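Structure first, then comments.
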There are 2 protein chains.
Amino acid sequence: MSNPTAAMLVIGDEILSGRTRDANMYHLAGQLTRRGIDLREVRVISDRHEQIVAAVNDLRAGYDHVFTSGGIGPTHDDITADAVAAAFGVGLDVREDARAILAAHYERTGLELNAARLRMARIPDGAALIDNPVSSAPGFSLGNVHVMAGVPAVFQAMVAAVLPALAGGDALYSQSLTIQRGEGEIAADLGKLAQAHPELSIGCYPFQRDGAFGANVVIRGSDAAAVDAAMLRLSEIFPEVSG
Amino acid sequence: MSNPTAAMLVIGDEILSGRTRDANMYHLAGQLTRRGIDLREVRVISDRHEQIVAAVNDLRAGYDHVFTSGGIGPTHDDITADAVAAAFGVGLDVREDARAILAAHYERTGLELNAARLRMARIPDGAALIDNPVSSAPGFSLGNVHVMAGVPAVFQAMVAAVLPALAGGDALYSQSLTIQRGEGEIAADLGKLAQAHPELSIGCYPFQRDGAFGANVVIRGSDAAAVDAAMLRLSEIFPEVSG
C-alpha cells in the first residue's frame with residue numbers, strides 16, 4: 001500500500017518568466033502514476049546555482065526519487081550538472097564513455113565536437129548515464145536523482161529510459177463521473193462518501209461549460225473493488241449522469 | 001533594479017497525478033513578468049494539510065508575495081483556507097461580508113446557500129477578500145499570501161483583481177533571436193556575450209524542427225538600451241537570422 005514517492009525539479013528561467021509553457025511536468029506525472037510511483041511535489045526554480053543545490057538536497061532527502069528537467073545543454077546557462085555535483089559534494093569532469101557517445105554523434109552528423117559541446121560530457125563522479133536516443137548527449141542518475149534534458153522530446157525519451165529500472169508500486173486504479181451540478185450541490189454527499197472510504201482518494205474538480213456548473217468526481221485507490229463499490233454508490237446518489 | 005519577488009503554490013492532487021494539466025502557472029508567470037514582479041519559484045503540492053502549512057510558511061518567509069491556486073471550493077478536499085489560517089496561527093470562521101456575497105449570488109441564481117457552500121465564506125481572521133466576478137465565492141489575501149481558486153477562469157479573474165494593488169518593479173524588456181544552428185555551435189560566442197553583459201539575462205532555448213536543430217536566444221533586462229546593444233552585437237555575430 002505504500003508506493004515509492006517522487007519529486008520533480010524543473011530548472012529554467014524561461015518557465016518562470018512565462019516565456020515557455022512547461023510540458024514535462026504533465027508528462028512525468030502521467031508516467032509515474034502509471035508505474036505506481038507517487039509524485040508528491042514539483043518545484044520550478046530558476047538557473048541559479050545556490051537555488052538548485054538547495055532544492056536538490058531538500059528533495060532528495062524527502063522522497064525516494066527526484067527527477068530534474070532542464071539545464072544540461074552546452075551553453076553558459078546550463079548549470080544543472082555542476083549544481084547536482086555540488087549538492088552531492090562530488091567532483092565533475094569530462095568522462096570517457098560520455099565523450100565517446102558525443103564524438104560518435106558529431107562524427108555521424110559532420111559537426112565539430114567543440115569545447116561547448118564537450119561540456120555535455122561532464123558527468124558527476126559515481127553517476128550512471130541515461131541514454132538519449134534523440135540527440136545523444138546523455139543525462140545521468142546520481143544516487144536517487146535523475147537528471148534529464150528540458151527539451152520535451154529528449155525529456156520524454158530519457159524518462160522512458162529511466163523508469164523501467166525503478167521499482168514501481170501498486171498502480172492506482174481510478175474511475176470518474178461527470179455530474180452536471182455545481183460542487184456546492186453535491187459536496188455534502190461526497191464528504192460522507194469520503195468518510196466512509198478512508199482508503200480511497202475522492203477528488204472533486206469543478207468546471208463551467210456553456211454557462212452551467214458541473215463537477216468531475218474522481219475516485220482513486222489501489223483496491224479496484226473498493227473503487228468500483230464507491231463509484232456504484234456515487235452513481236446511485238446522483239443517477240443523472242453524463243460522461 | 002531590485003524588483004519585488006514572488007512564489008506560487010499550486011495545490012491539487014489532480015496536477016500531481018497527471019489527470020489535469022496546470023494552466024495557472026503559465027498565466028501568472030506572464031502577468032507577473034509584465035508587472036515587474038520576479039517569479040522565483042513555483043511549488044506544486046497535494047491536498048495534505050501539513051504539506052500546505054509547511055509550504056506556505058516556507059514561501060511567505062522567502063519571497064515578497066505568495067500566490068496560491070486551488071482548494072477553496074465547497075467540497076471535503078478543499079482545505080486551503082484551513083491550512084493558510086493554521087500557517088498564520090489565526091482563527092477561521094464564516095465572515096459576514098463573505099456570507100452576504102454568497103447569499104446574493106445564490107439568491108440570484110435560485111440555488112440554496114447550503115452548509116457546503118457556506119464553507120466558502122470561511123475566511124481567516126485579518127484577511128482581505130479578493131473579488132470573484134466569475135462565480136462569486138471570494139479569495140483572500142492574508143499578509144503577503146494571496147489565496148485564489150484553481151479553476152482557470154476564476155484564477156485569472158482573481159489575479160486581475162489582486163495585481164493592481166501590488167507594488168510593481170521595472171518591467172523587464174526582452175528581445176529574442178532565432179538562430180538556425182545547434183546550441184553547441186553558438187555556445188562559445190553566447191558565453192562571451194553573457195560575460196560582457198552581467199546586467200542582462202541571456203538565455204538559450206534549443207529546439208528541433210523538421211530534423212534541424214536551432215536555438216531561440218532571449219536577452220532580458222530592465223535597461224532597454226543595453227538589451228538593444230547586446231541584441232545588435234548578437235545579430236552581427238550570427239547574421240543568418242530567421243524569425
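Labeling convention for the C-alpha cells: chains A, B, ... as they appear, residues from 1 per chain, ligands from 1 in order of appearance.
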Write out as a list of chain:residue names which residues come within 9 Å of Ala29 in chain A when counting only C-alpha atoms, dropping same-chain ones fewer than 4 positions away. A:Asn24, A:Met25, A:Thr33, A:Arg34, A:Asp38, A:Leu39, B:Ile15, B:Leu16, B:Ser17, B:Gly18, B:Arg19
Compute the set of chain B residues within 8 Å of chain A, using only C-alpha atoms, and express it as an MDAnalysis selection string. chainID B and resid 13:22 26:30 33 38:46 73:77 114:117 151 183:185 187:188 190:191 194 202:204 206:207
Using the selection just defined, write its residues with C-alpha atoms as a PDB file, in the first residue's frame.
ATOM      1  CA  ASP B  13      -3.708  16.113  -6.306  1.00  0.00           C
ATOM      2  CA  GLU B  14      -5.111  16.268  -9.822  1.00  0.00           C
ATOM      3  CA  ILE B  15      -1.995  18.031 -11.155  1.00  0.00           C
ATOM      4  CA  LEU B  16       0.425  15.600  -9.489  1.00  0.00           C
ATOM      5  CA  SER B  17      -1.486  12.545 -10.699  1.00  0.00           C
ATOM      6  CA  GLY B  18      -1.261  13.759 -14.291  1.00  0.00           C
ATOM      7  CA  ARG B  19      -5.034  13.970 -14.584  1.00  0.00           C
ATOM      8  CA  THR B  20      -5.091  17.731 -15.138  1.00  0.00           C
ATOM      9  CA  ARG B  21      -2.602  19.881 -16.994  1.00  0.00           C
ATOM     10  CA  ASP B  22      -1.960  23.009 -14.946  1.00  0.00           C
ATOM     11  CA  TYR B  26       1.848  29.910 -17.176  1.00  0.00           C
ATOM     12  CA  HIS B  27      -0.802  32.622 -16.789  1.00  0.00           C
ATOM     13  CA  LEU B  28       0.553  34.000 -13.523  1.00  0.00           C
ATOM     14  CA  ALA B  29       4.157  33.910 -14.779  1.00  0.00           C
ATOM     15  CA  GLY B  30       3.255  36.118 -17.739  1.00  0.00           C
ATOM     16  CA  THR B  33       6.644  39.500 -15.608  1.00  0.00           C
ATOM     17  CA  ASP B  38      10.057  38.351 -10.342  1.00  0.00           C
ATOM     18  CA  LEU B  39       8.507  34.905 -10.042  1.00  0.00           C
ATOM     19  CA  ARG B  40      11.366  32.948  -8.449  1.00  0.00           C
ATOM     20  CA  GLU B  41       9.782  29.631  -7.552  1.00  0.00           C
ATOM     21  CA  VAL B  42       6.681  27.529  -8.099  1.00  0.00           C
ATOM     22  CA  ARG B  43       5.717  24.544  -5.965  1.00  0.00           C
ATOM     23  CA  VAL B  44       3.016  22.041  -6.773  1.00  0.00           C
ATOM     24  CA  ILE B  45       1.829  20.025  -3.780  1.00  0.00           C
ATOM     25  CA  SER B  46      -1.052  17.724  -2.927  1.00  0.00           C
ATOM     26  CA  GLY B  73     -14.273  25.293  -3.109  1.00  0.00           C
ATOM     27  CA  PRO B  74     -17.108  23.720  -1.099  1.00  0.00           C
ATOM     28  CA  THR B  75     -16.049  20.041  -1.031  1.00  0.00           C
ATOM     29  CA  HIS B  76     -14.232  17.915   1.548  1.00  0.00           C
ATOM     30  CA  ASP B  77     -10.955  18.098  -0.372  1.00  0.00           C
ATOM     31  CA  ASN B 114     -26.356  25.213   1.977  1.00  0.00           C
ATOM     32  CA  ALA B 115     -23.745  24.186   4.537  1.00  0.00           C
ATOM     33  CA  ALA B 116     -21.214  23.093   1.912  1.00  0.00           C
ATOM     34  CA  ARG B 117     -21.431  26.402   0.044  1.00  0.00           C
ATOM     35  CA  VAL B 151     -10.468  26.880 -11.924  1.00  0.00           C
ATOM     36  CA  GLU B 183      23.318  25.306 -29.354  1.00  0.00           C
ATOM     37  CA  GLY B 184      26.782  23.777 -29.370  1.00  0.00           C
ATOM     38  CA  GLU B 185      27.677  25.896 -32.399  1.00  0.00           C
ATOM     39  CA  ALA B 187      27.568  28.493 -27.131  1.00  0.00           C
ATOM     40  CA  ALA B 188      31.086  29.963 -27.027  1.00  0.00           C
ATOM     41  CA  LEU B 190      26.938  33.446 -26.319  1.00  0.00           C
ATOM     42  CA  GLY B 191      29.008  32.804 -23.212  1.00  0.00           C
ATOM     43  CA  ALA B 194      26.848  36.997 -21.335  1.00  0.00           C
ATOM     44  CA  ILE B 202      20.847  35.867 -21.743  1.00  0.00           C
ATOM     45  CA  GLY B 203      19.019  32.587 -22.173  1.00  0.00           C
ATOM     46  CA  CYS B 204      19.407  29.994 -24.895  1.00  0.00           C
ATOM     47  CA  PRO B 206      17.138  24.868 -28.092  1.00  0.00           C
ATOM     48  CA  PHE B 207      14.558  23.353 -30.396  1.00  0.00           C
TER      49      PHE B 207
END
Can you list, as a list in words, every protein, DNA or RNA residue that comes within 12 Å of Ala86 in chain B when you count only C-alpha atoms, leaving out same-chain residues fewer than 2 positions away? His49, Glu50, Gln51, Ile52, Val53, Ala54, Ala55, Val56, Asn57, Ile79, Thr80, Ala81, Asp82, Ala83, Val84, Phe88, Gly89, Val90, Gly91, Leu92, Ile123, Pro124, Asp125 and Leu142 of chain B
Give the helix (DSSP H, G or I) residues of range 80-239 of chain B, as assigned by DSSP on the backbone, as a PyMOL selection string. chain B and resi 80-88+96-109+115-121+152-165+183-196+224-237
File of the preceding selection, C-alpha atoms, as a compact mmCIF listing (two decimals), in the first residue's frame:
# COMPACT_ATOMS: atom_id res chain seq x y z
CA THR B 80 -6.53 25.53 1.60
CA ALA B 81 -8.26 28.17 3.77
CA ASP B 82 -7.86 25.99 6.88
CA ALA B 83 -4.20 25.36 6.09
CA VAL B 84 -3.41 29.04 5.44
CA ALA B 85 -5.12 30.05 8.71
CA ALA B 86 -3.08 27.38 10.51
CA ALA B 87 0.13 28.58 8.85
CA PHE B 88 -0.51 32.10 10.21
CA GLU B 96 -20.46 38.26 7.39
CA ASP B 97 -19.26 40.13 4.28
CA ALA B 98 -18.29 36.89 2.54
CA ARG B 99 -21.58 35.27 3.53
CA ALA B 100 -23.50 38.27 2.13
CA ILE B 101 -21.68 37.94 -1.22
CA LEU B 102 -22.58 34.24 -1.44
CA ALA B 103 -26.19 34.82 -0.28
CA ALA B 104 -26.73 37.43 -3.01
CA HIS B 105 -25.17 35.14 -5.63
CA TYR B 106 -27.31 32.11 -4.75
CA GLU B 107 -30.46 34.21 -4.48
CA ARG B 108 -29.74 35.49 -8.00
CA THR B 109 -29.15 32.00 -9.35
CA ALA B 115 -23.75 24.19 4.54
CA ALA B 116 -21.21 23.09 1.91
CA ARG B 117 -21.43 26.40 0.04
CA LEU B 118 -21.24 28.32 3.31
CA ARG B 119 -17.77 26.80 3.82
CA MET B 120 -16.62 29.18 1.08
CA ALA B 121 -17.43 32.12 3.38
CA PRO B 152 -8.54 28.83 -14.58
CA ALA B 153 -11.28 31.37 -15.41
CA VAL B 154 -11.70 32.22 -11.73
CA PHE B 155 -7.96 32.20 -11.05
CA GLN B 156 -7.38 34.66 -13.87
CA ALA B 157 -10.14 36.98 -12.67
CA MET B 158 -8.67 36.96 -9.15
CA VAL B 159 -5.16 37.67 -10.45
CA ALA B 160 -6.60 40.65 -12.32
CA ALA B 161 -8.23 41.83 -9.07
CA VAL B 162 -5.10 41.45 -6.93
CA LEU B 163 -2.20 42.62 -9.09
CA PRO B 164 -3.07 46.31 -9.50
CA ALA B 165 -2.83 46.81 -5.73
CA GLU B 183 23.32 25.31 -29.35
CA GLY B 184 26.78 23.78 -29.37
CA GLU B 185 27.68 25.90 -32.40
CA ILE B 186 26.81 29.21 -30.79
CA ALA B 187 27.57 28.49 -27.13
CA ALA B 188 31.09 29.96 -27.03
CA ASP B 189 30.04 33.32 -28.51
CA LEU B 190 26.94 33.45 -26.32
CA GLY B 191 29.01 32.80 -23.21
CA LYS B 192 31.31 35.72 -24.10
CA LEU B 193 28.31 37.99 -24.72
CA ALA B 194 26.85 37.00 -21.33
CA GLN B 195 30.16 37.76 -19.63
CA ALA B 196 30.34 41.17 -21.31
CA ALA B 224 16.19 48.69 -22.88
CA ALA B 225 19.27 50.34 -24.45
CA ALA B 226 21.55 47.64 -23.03
CA VAL B 227 19.25 44.90 -24.33
CA ASP B 228 19.21 46.53 -27.77
CA ALA B 229 23.01 46.86 -27.83
CA ALA B 230 23.54 43.22 -26.89
CA MET B 231 20.99 42.09 -29.47
CA LEU B 232 22.70 44.16 -32.17
CA ARG B 233 26.03 42.51 -31.28
CA LEU B 234 24.37 39.07 -31.39
CA SER B 235 22.93 39.68 -34.84
CA GLU B 236 26.35 40.82 -36.07
CA ILE B 237 27.89 37.57 -34.82
From CA of Asn3 in chain A to CA of Tyr173 in chain A the spacing works out at 13.3 Å
Computed interatomic separation between CA of Ala6 in chain B and CA of Ala149 in chain B (Å): 17.7 Å
Can you pull out the residues contacting Ser2 in chain A? Cut-off 12 Å, using only C-alpha atoms, and skip same-chain residues under 6 positions away; I want them as an MDAnalysis selection string. chainID A and resid 36:38 64 168:172 199 221:222
Would you mind exporting C-alpha atoms of the selected residues as a PDB file, in the first residue's frame?
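Just written: out-v2.pdb:
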ATOM      1  CA  GLY A  36       2.707   3.271  -9.225  1.00  0.00           C
ATOM      2  CA  ILE A  37       5.187   5.931  -8.083  1.00  0.00           C
ATOM      3  CA  ASP A  38       3.520   8.789  -6.162  1.00  0.00           C
ATOM      4  CA  ASP A  64      12.546   8.139  -2.877  1.00  0.00           C
ATOM      5  CA  GLY A 168       7.176   0.514  -9.103  1.00  0.00           C
ATOM      6  CA  GLY A 169       4.289   0.312  -6.678  1.00  0.00           C
ATOM      7  CA  ASP A 170       0.658  -0.623  -6.929  1.00  0.00           C
ATOM      8  CA  ALA A 171      -0.736   1.191  -9.920  1.00  0.00           C
ATOM      9  CA  LEU A 172      -3.645   3.353  -8.841  1.00  0.00           C
ATOM     10  CA  GLU A 199      -8.748   4.047   1.953  1.00  0.00           C
ATOM     11  CA  GLY A 221      -7.237   3.677  -4.925  1.00  0.00           C
ATOM     12  CA  SER A 222      -5.092   0.594  -5.249  1.00  0.00           C
TER      13      SER A 222
END
Determine which residues of range 11-85 of chain A DSSP labels as strand (DSSP E) from the backbone of this structure, then write them out as a PyMOL selection string. chain A and resi 11+38-45+65-69
Restricted to C-alpha atoms, what would the selected residues look like written as a PDB file, in the first residue's frame?
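For reference, part.pdb as written:
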ATOM      1  CA  ILE A  11      15.027  24.169 -13.772  1.00  0.00           C
ATOM      2  CA  ASP A  38       3.520   8.789  -6.162  1.00  0.00           C
ATOM      3  CA  LEU A  39       4.585  12.218  -7.399  1.00  0.00           C
ATOM      4  CA  ARG A  40       4.243  14.281  -4.216  1.00  0.00           C
ATOM      5  CA  GLU A  41       5.806  17.614  -5.146  1.00  0.00           C
ATOM      6  CA  VAL A  42       7.061  19.627  -8.099  1.00  0.00           C
ATOM      7  CA  ARG A  43       9.304  22.663  -7.803  1.00  0.00           C
ATOM      8  CA  VAL A  44      10.105  25.088 -10.587  1.00  0.00           C
ATOM      9  CA  ILE A  45      13.208  27.196  -9.963  1.00  0.00           C
ATOM     10  CA  HIS A  65      13.268   9.665  -6.290  1.00  0.00           C
ATOM     11  CA  VAL A  66      13.950  13.119  -7.719  1.00  0.00           C
ATOM     12  CA  PHE A  67      13.589  13.838 -11.433  1.00  0.00           C
ATOM     13  CA  THR A  68      15.090  17.040 -12.821  1.00  0.00           C
ATOM     14  CA  SER A  69      14.361  18.694 -16.145  1.00  0.00           C
TER      15      SER A  69
END
Nearest residue to Ile179 in chain A from the set A:Pro198, A:Arg122, A:Gly211, A:Pro239 (distances using only C-alpha atoms):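 Closest candidate: A:Pro239.
CA of Pro4 in chain B is positioned 9.4 Å from CA of Leu166 in chain B.
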